[in-house]
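Colleague: Got a structure here, written out as structure tokens. Questions coming.
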Amino acid sequence: MNNNTEKPNIEDLEGLEEVMPVVESRDPIVVGITHGDLNGVGYEVILKSLNNKEITELLIPVIYGSAKIAVYFQRRLALEEFTFNSATSAAQINKKRINIVNITNQEIKIESGKSSQQSGELAVMALEQAVQDIKKGLLEVVVTAPINKDNTQQAQFNFPGHTEFFANHFGIKSEDCLMFMIHDKLRIGLVTNHLPVSKIVSALNKDLIIRKIRTMNQSLQRDFRVVKPKIAVLALNPHAGDNGFLGDEEKNIIEPAISHCYDKGVMVYGPFAADGFFGAGKQHYFDGILSMYHDQGLAPFKTLSDGAGINFTAGLPIVRTSPAHGTAYDIAGKGEAAPTSMMEAMFLACDIYRNRKAYNQMYENPLKVGLAKEIIGEEKMDETIDPFAEDL
């Protein structure tokens with residue numbers, strides 16, 4: 001089947017098949033939570049998410065921020081039974097409590113709904129300390145509250161967003177990381193992230209798209225337990241370029257990248273015109289969807305996820321998630337922010353951590369590999385090996 005000219009047969013794509021993990025632990029996972037922009041809704045959604053007596057049975061929360069700020073918002077939100085352990089290091093956490101690692105002793109001015117230099121500096125300080133602690137093994141996953149991409153810019157944070165920040169800290173090339181938006185079975189990744197529209201075309205090339213497809217395919221297998229992922233790639237131009245009449249990027253860049261990956265055994269299809277793809281509900285037949293630029297992916301994602309959803313950075317050696325929304329200055333301090341996306345980000349981080357651990361154990365142990373082959377079939381098991389290993 002020539003995936004560049006033929007749309008996939010919907011009947012062939014029905015039934016998303018998932019790997020059964022061989023080993024799965026339900027021990028609470030240590031979750032580092034950075035407080036984000038303190039003048040946004042970060043503290044509100046964090047505290048609302050953790051205002052649950054059963055939360056420590058599922059995870060061990062470690063907030064990177066300030067106990068004073070937490071108490072301020074606790075009182076504003078009237079969370080009377082909310083208690084926490086205050087510490088100066090993640091090495092001092094209480095595994096039966098909600099923990100706050102104090103990142104600063106400076107006087108802090110809270111101005112809900114306003115951007116400030118101090119709120120940007122404190123957001124970066126929380127990120128820096130959380131990264132150092134997960135490298136030391138004090139944390140198992142990281143969940144980041146929203147930041148302001150303007151007030152965070154400084155010597156320690158010269159990045160357009162969290163994705164690039166984490167990639168840099170772990171020595172991963174940005175083209176091998178994927179901003180992956182997740183809501184239930186809807187998974188949309190981006191080829192280009194926070195990039196001005198005027199620079200999108202010049203940033204796109206065949207190699208970049210191949211790398212993003214590779215990262216998505218690996219993440220779907222390892223992090224989401226999909227045995228043989230089915231990936232849809234969106235076109236850049238309206239009507240997928242109309243055979244070159246509305247643009248030639250599909251013919252010259254996107255289609256060759258899809259063909260290369262398809263020849264490697266990856267079930268990747270497209271390019272699909274974005275409006276027709278979502279308008280016809282074709283997202284239901286794919287495990288992952290790769291969009292060319294930010295709004296092409298985020299607009300349908302936020303519409304279909306109805307304000308929920310998670311931003312997951314695929315391709316990192318550690319697990320990092322975030323709520324899909326931003327600082328929401330317009331409702332900050334009003335008590336109106338819904339914690340749904342933050343809660344989902346915490347739980348998804350734990351699920352991915354367990355999935356990844358089970359996947360790694362399965363492939364490291366020959367006996368477990370044999371058992372997995374019996375469960376899912378030898379041929380499908382062999383297909384989960386990276387087809388790009390000798391290519392990139």
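By order of appearance in the structure tokens: chains A, B, ..., then residues from 1 within every chain, and ligands from 1 in the order shown.
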Going by DSSP on the backbone, which bits of segment 60-130 of chain A are alpha helix (DSSP H)? Write them as a PyMOL selection string, please.
Modeller: chain A and resi 67-76+117-130
Colleague: Would you mind listing what lies within 9 Å of segment 306-322 of chain A as an MDAnalysis selection string, with only C-alpha atoms counted and same-chain residues fewer than 5 positions away left out?
Modeller: chainID A and resid 134:135 140:146 162:163 166:167 170 172 176:184 215:216 218:219 223 301 338:342 344:346 348:350 352:353
Colleague: Which residue is closest to Ile209 of chain A? Choose from A:Lys334, A:Lys357, A:His325, A:His260 and count only C-alpha atoms.
Modeller: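 With only C-alpha atoms as the atom set, the closest residue is A:His260.
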Colleague: Mind checking which residues fall within 10 Å of Lys53 of chain A, counting only C-alpha atoms, ignoring those fewer than 2 positions away in the same chain, and posting them as an MDAnalysis selection string?
Modeller: chainID A and resid 50:51 55:57 81:83 97:98
Colleague: Could you write those residues out with N, CA, C and O atoms, as a compact mmCIF listing (two decimals), in the first residue's frame?
Modeller:
```txt
# COMPACT_ATOMS: atom_id res chain seq x y z
N LEU A 50 -4.42 18.20 45.17
CA LEU A 50 -3.88 17.42 46.28
C LEU A 50 -4.78 17.45 47.52
O LEU A 50 -4.44 16.81 48.52
N ASN A 51 -5.88 18.16 47.44
CA ASN A 51 -6.79 18.26 48.59
C ASN A 51 -7.66 17.01 48.68
O ASN A 51 -8.88 17.04 48.55
N ILE A 55 -4.76 10.84 48.52
CA ILE A 55 -3.75 11.12 47.48
C ILE A 55 -2.42 10.45 47.77
O ILE A 55 -1.74 9.97 46.86
N THR A 56 -2.02 10.39 49.06
CA THR A 56 -0.72 9.80 49.37
C THR A 56 -0.70 8.29 49.20
O THR A 56 0.37 7.68 49.25
N GLU A 57 -1.86 7.68 48.99
CA GLU A 57 -1.89 6.25 48.69
C GLU A 57 -1.50 6.00 47.24
O GLU A 57 -1.06 4.90 46.89
N GLU A 81 -8.53 21.68 55.80
CA GLU A 81 -7.91 20.42 56.23
C GLU A 81 -6.63 20.10 55.47
O GLU A 81 -6.04 19.05 55.67
N PHE A 82 -6.21 21.01 54.61
CA PHE A 82 -5.01 20.76 53.81
C PHE A 82 -3.77 20.98 54.68
O PHE A 82 -3.54 22.06 55.21
N THR A 83 -2.95 19.94 54.83
CA THR A 83 -1.71 20.06 55.61
C THR A 83 -0.55 19.53 54.79
O THR A 83 -0.73 18.72 53.87
N ARG A 97 3.00 12.25 53.63
CA ARG A 97 2.44 13.60 53.64
C ARG A 97 2.62 14.27 52.29
O ARG A 97 3.42 13.81 51.44
N ILE A 98 1.94 15.37 52.08
CA ILE A 98 2.22 16.27 50.97
C ILE A 98 3.42 17.11 51.40
O ILE A 98 3.46 17.62 52.52
```
Colleague: For atom CA of Thr327 of chain A and atom CA of Glu128 of chain A, determine how far apart the two atoms are, in Å to one decimal place.
Modeller: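 Distance between the two atoms: 19.1 Å.
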Colleague: Counting only C-alpha atoms, which of A:Ile60, A:Val31, A:Val45, A:Ile188 gets nearest to Ala130 of chain A?
Modeller: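 Ranked by minimum distance to Ala130 of chain A, first place goes to A:Val31.
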Colleague: Near segment 266-268 of chain A, counting only C-alpha atoms, which residues have an atom at most 6 Å away, once you skip same-chain residues fewer than 4 positions from it, shown as number ranges by chain?
Modeller: A: 230-232, 261-262
Colleague: Report as a short mmCIF file (atom, residue, chain, number, x, y, z; two decimals) with N, CA, C and O atoms, in the first residue's frame all protein, DNA and RNA residues lying within 9 Å of segment 285-292 of chain A, evaluated on only C-alpha atoms, omitting residues in the same chain fewer than 5 positions from it.
Modeller:
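The resulting file, out.cif, is shown below:
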```cif
data_model
loop_
_atom_site.label_atom_id
_atom_site.label_comp_id
_atom_site.auth_asym_id
_atom_site.auth_seq_id
_atom_site.Cartn_x
_atom_site.Cartn_y
_atom_site.Cartn_z
N ILE A 10 -10.24 2.29 6.83
CA ILE A 10 -10.68 2.46 8.21
C ILE A 10 -10.86 1.11 8.90
O ILE A 10 -10.52 0.94 10.07
N LEU A 13 -7.77 -0.23 10.38
CA LEU A 13 -7.20 0.51 11.50
C LEU A 13 -8.02 0.39 12.77
O LEU A 13 -7.68 0.96 13.79
N GLU A 14 -9.10 -0.34 12.73
CA GLU A 14 -9.94 -0.49 13.92
C GLU A 14 -9.25 -1.36 14.96
O GLU A 14 -8.54 -2.30 14.63
N GLY A 15 -9.47 -1.03 16.23
CA GLY A 15 -8.96 -1.84 17.33
C GLY A 15 -7.55 -1.46 17.71
O GLY A 15 -6.59 -1.92 17.11
N LEU A 16 -7.41 -0.57 18.68
CA LEU A 16 -6.08 -0.18 19.13
C LEU A 16 -5.58 -1.24 20.09
O LEU A 16 -6.14 -1.45 21.16
N PHE A 180 3.89 16.31 23.25
CA PHE A 180 2.86 15.31 23.00
C PHE A 180 1.65 15.63 23.87
O PHE A 180 1.69 15.51 25.10
N LYS A 185 -7.53 8.62 24.64
CA LYS A 185 -6.91 8.02 23.46
C LYS A 185 -6.51 9.05 22.41
O LYS A 185 -5.97 8.70 21.36
N LEU A 186 -6.80 10.32 22.66
CA LEU A 186 -6.39 11.38 21.74
C LEU A 186 -4.96 11.80 22.06
O LEU A 186 -4.69 12.29 23.16
N ARG A 187 -4.05 11.59 21.11
CA ARG A 187 -2.64 11.91 21.34
C ARG A 187 -2.12 12.67 20.12
O ARG A 187 -2.00 12.10 19.03
N ILE A 188 -1.81 13.94 20.31
CA ILE A 188 -1.37 14.79 19.20
C ILE A 188 0.03 15.34 19.51
O ILE A 188 0.24 16.00 20.53
N GLY A 189 0.98 15.07 18.62
CA GLY A 189 2.35 15.57 18.76
C GLY A 189 2.62 16.68 17.77
O GLY A 189 1.94 16.81 16.75
N LEU A 190 3.64 17.47 18.07
CA LEU A 190 3.98 18.62 17.23
C LEU A 190 5.38 18.47 16.61
O LEU A 190 6.32 18.09 17.31
N VAL A 191 5.49 18.79 15.33
CA VAL A 191 6.81 18.81 14.69
C VAL A 191 7.56 20.07 15.12
O VAL A 191 8.73 20.02 15.47
N THR A 192 6.88 21.22 15.07
CA THR A 192 7.46 22.47 15.58
C THR A 192 6.63 22.91 16.78
O THR A 192 5.41 22.74 16.78
N ASN A 193 7.28 23.47 17.79
CA ASN A 193 6.58 23.82 19.03
C ASN A 193 6.18 25.28 19.08
O ASN A 193 5.32 25.72 18.34
N ILE A 200 7.76 28.74 10.39
CA ILE A 200 7.43 27.32 10.36
C ILE A 200 7.96 26.63 9.11
O ILE A 200 8.60 25.58 9.18
N LEU A 204 10.81 23.31 8.76
CA LEU A 204 10.42 21.96 8.39
C LEU A 204 11.40 21.34 7.39
O LEU A 204 11.83 21.99 6.45
N ILE A 209 10.92 15.64 10.43
CA ILE A 209 9.65 14.91 10.50
C ILE A 209 9.90 13.44 10.79
O ILE A 209 9.18 12.81 11.58
N LYS A 212 10.59 13.05 14.48
CA LYS A 212 9.38 13.19 15.30
C LYS A 212 8.50 11.95 15.20
O LYS A 212 7.91 11.51 16.20
N ILE A 213 8.41 11.38 13.99
CA ILE A 213 7.65 10.14 13.84
C ILE A 213 8.30 9.04 14.66
O ILE A 213 7.62 8.25 15.34
N MET A 216 7.55 9.57 18.36
CA MET A 216 6.16 9.25 18.65
C MET A 216 5.94 7.74 18.66
O MET A 216 5.28 7.21 19.57
N ASN A 217 6.48 7.05 17.67
CA ASN A 217 6.32 5.60 17.58
C ASN A 217 6.91 4.91 18.81
O ASN A 217 6.27 4.03 19.41
N LEU A 220 4.72 5.69 21.97
CA LEU A 220 3.46 4.95 21.99
C LEU A 220 3.67 3.51 22.42
O LEU A 220 2.85 2.94 23.15
N VAL A 226 1.23 0.57 23.37
CA VAL A 226 0.64 0.24 22.08
C VAL A 226 1.61 -0.66 21.31
O VAL A 226 2.75 -0.27 21.05
N PRO A 229 1.83 0.87 16.81
CA PRO A 229 1.13 2.16 16.71
C PRO A 229 0.72 2.52 15.29
O PRO A 229 1.43 2.24 14.32
N LYS A 230 -0.43 3.14 15.20
CA LYS A 230 -0.93 3.66 13.93
C LYS A 230 -0.88 5.19 14.03
O LYS A 230 -1.53 5.79 14.88
N ILE A 231 -0.09 5.79 13.17
CA ILE A 231 0.20 7.22 13.25
C ILE A 231 -0.32 7.95 12.02
O ILE A 231 -0.07 7.52 10.89
N ALA A 232 -1.01 9.05 12.24
CA ALA A 232 -1.47 9.92 11.16
C ALA A 232 -0.61 11.18 11.14
O ALA A 232 -0.32 11.75 12.19
N VAL A 233 -0.22 11.62 9.96
CA VAL A 233 0.57 12.84 9.81
C VAL A 233 -0.28 13.87 9.08
O VAL A 233 -0.84 13.58 8.01
N LEU A 234 -0.39 15.05 9.64
CA LEU A 234 -1.17 16.12 9.02
C LEU A 234 -0.35 16.88 7.99
O LEU A 234 0.87 17.00 8.11
N ALA A 235 -1.04 17.42 7.01
CA ALA A 235 -0.41 18.23 5.98
C ALA A 235 -0.12 19.63 6.54
O ALA A 235 -0.67 20.02 7.58
N LEU A 236 0.71 20.37 5.85
CA LEU A 236 0.99 21.75 6.25
C LEU A 236 0.00 22.71 5.61
O LEU A 236 -0.54 23.61 6.26
N ALA A 274 -5.78 18.87 7.61
CA ALA A 274 -6.17 18.88 9.03
C ALA A 274 -7.66 19.08 9.23
O ALA A 274 -8.28 18.42 10.08
N GLY A 297 -2.19 21.62 15.86
CA GLY A 297 -2.43 20.52 16.78
C GLY A 297 -3.20 20.91 18.01
O GLY A 297 -4.09 20.19 18.49
N LEU A 298 -2.88 22.09 18.58
CA LEU A 298 -3.48 22.49 19.86
C LEU A 298 -4.92 22.94 19.74
O LEU A 298 -5.71 22.74 20.67
#
```
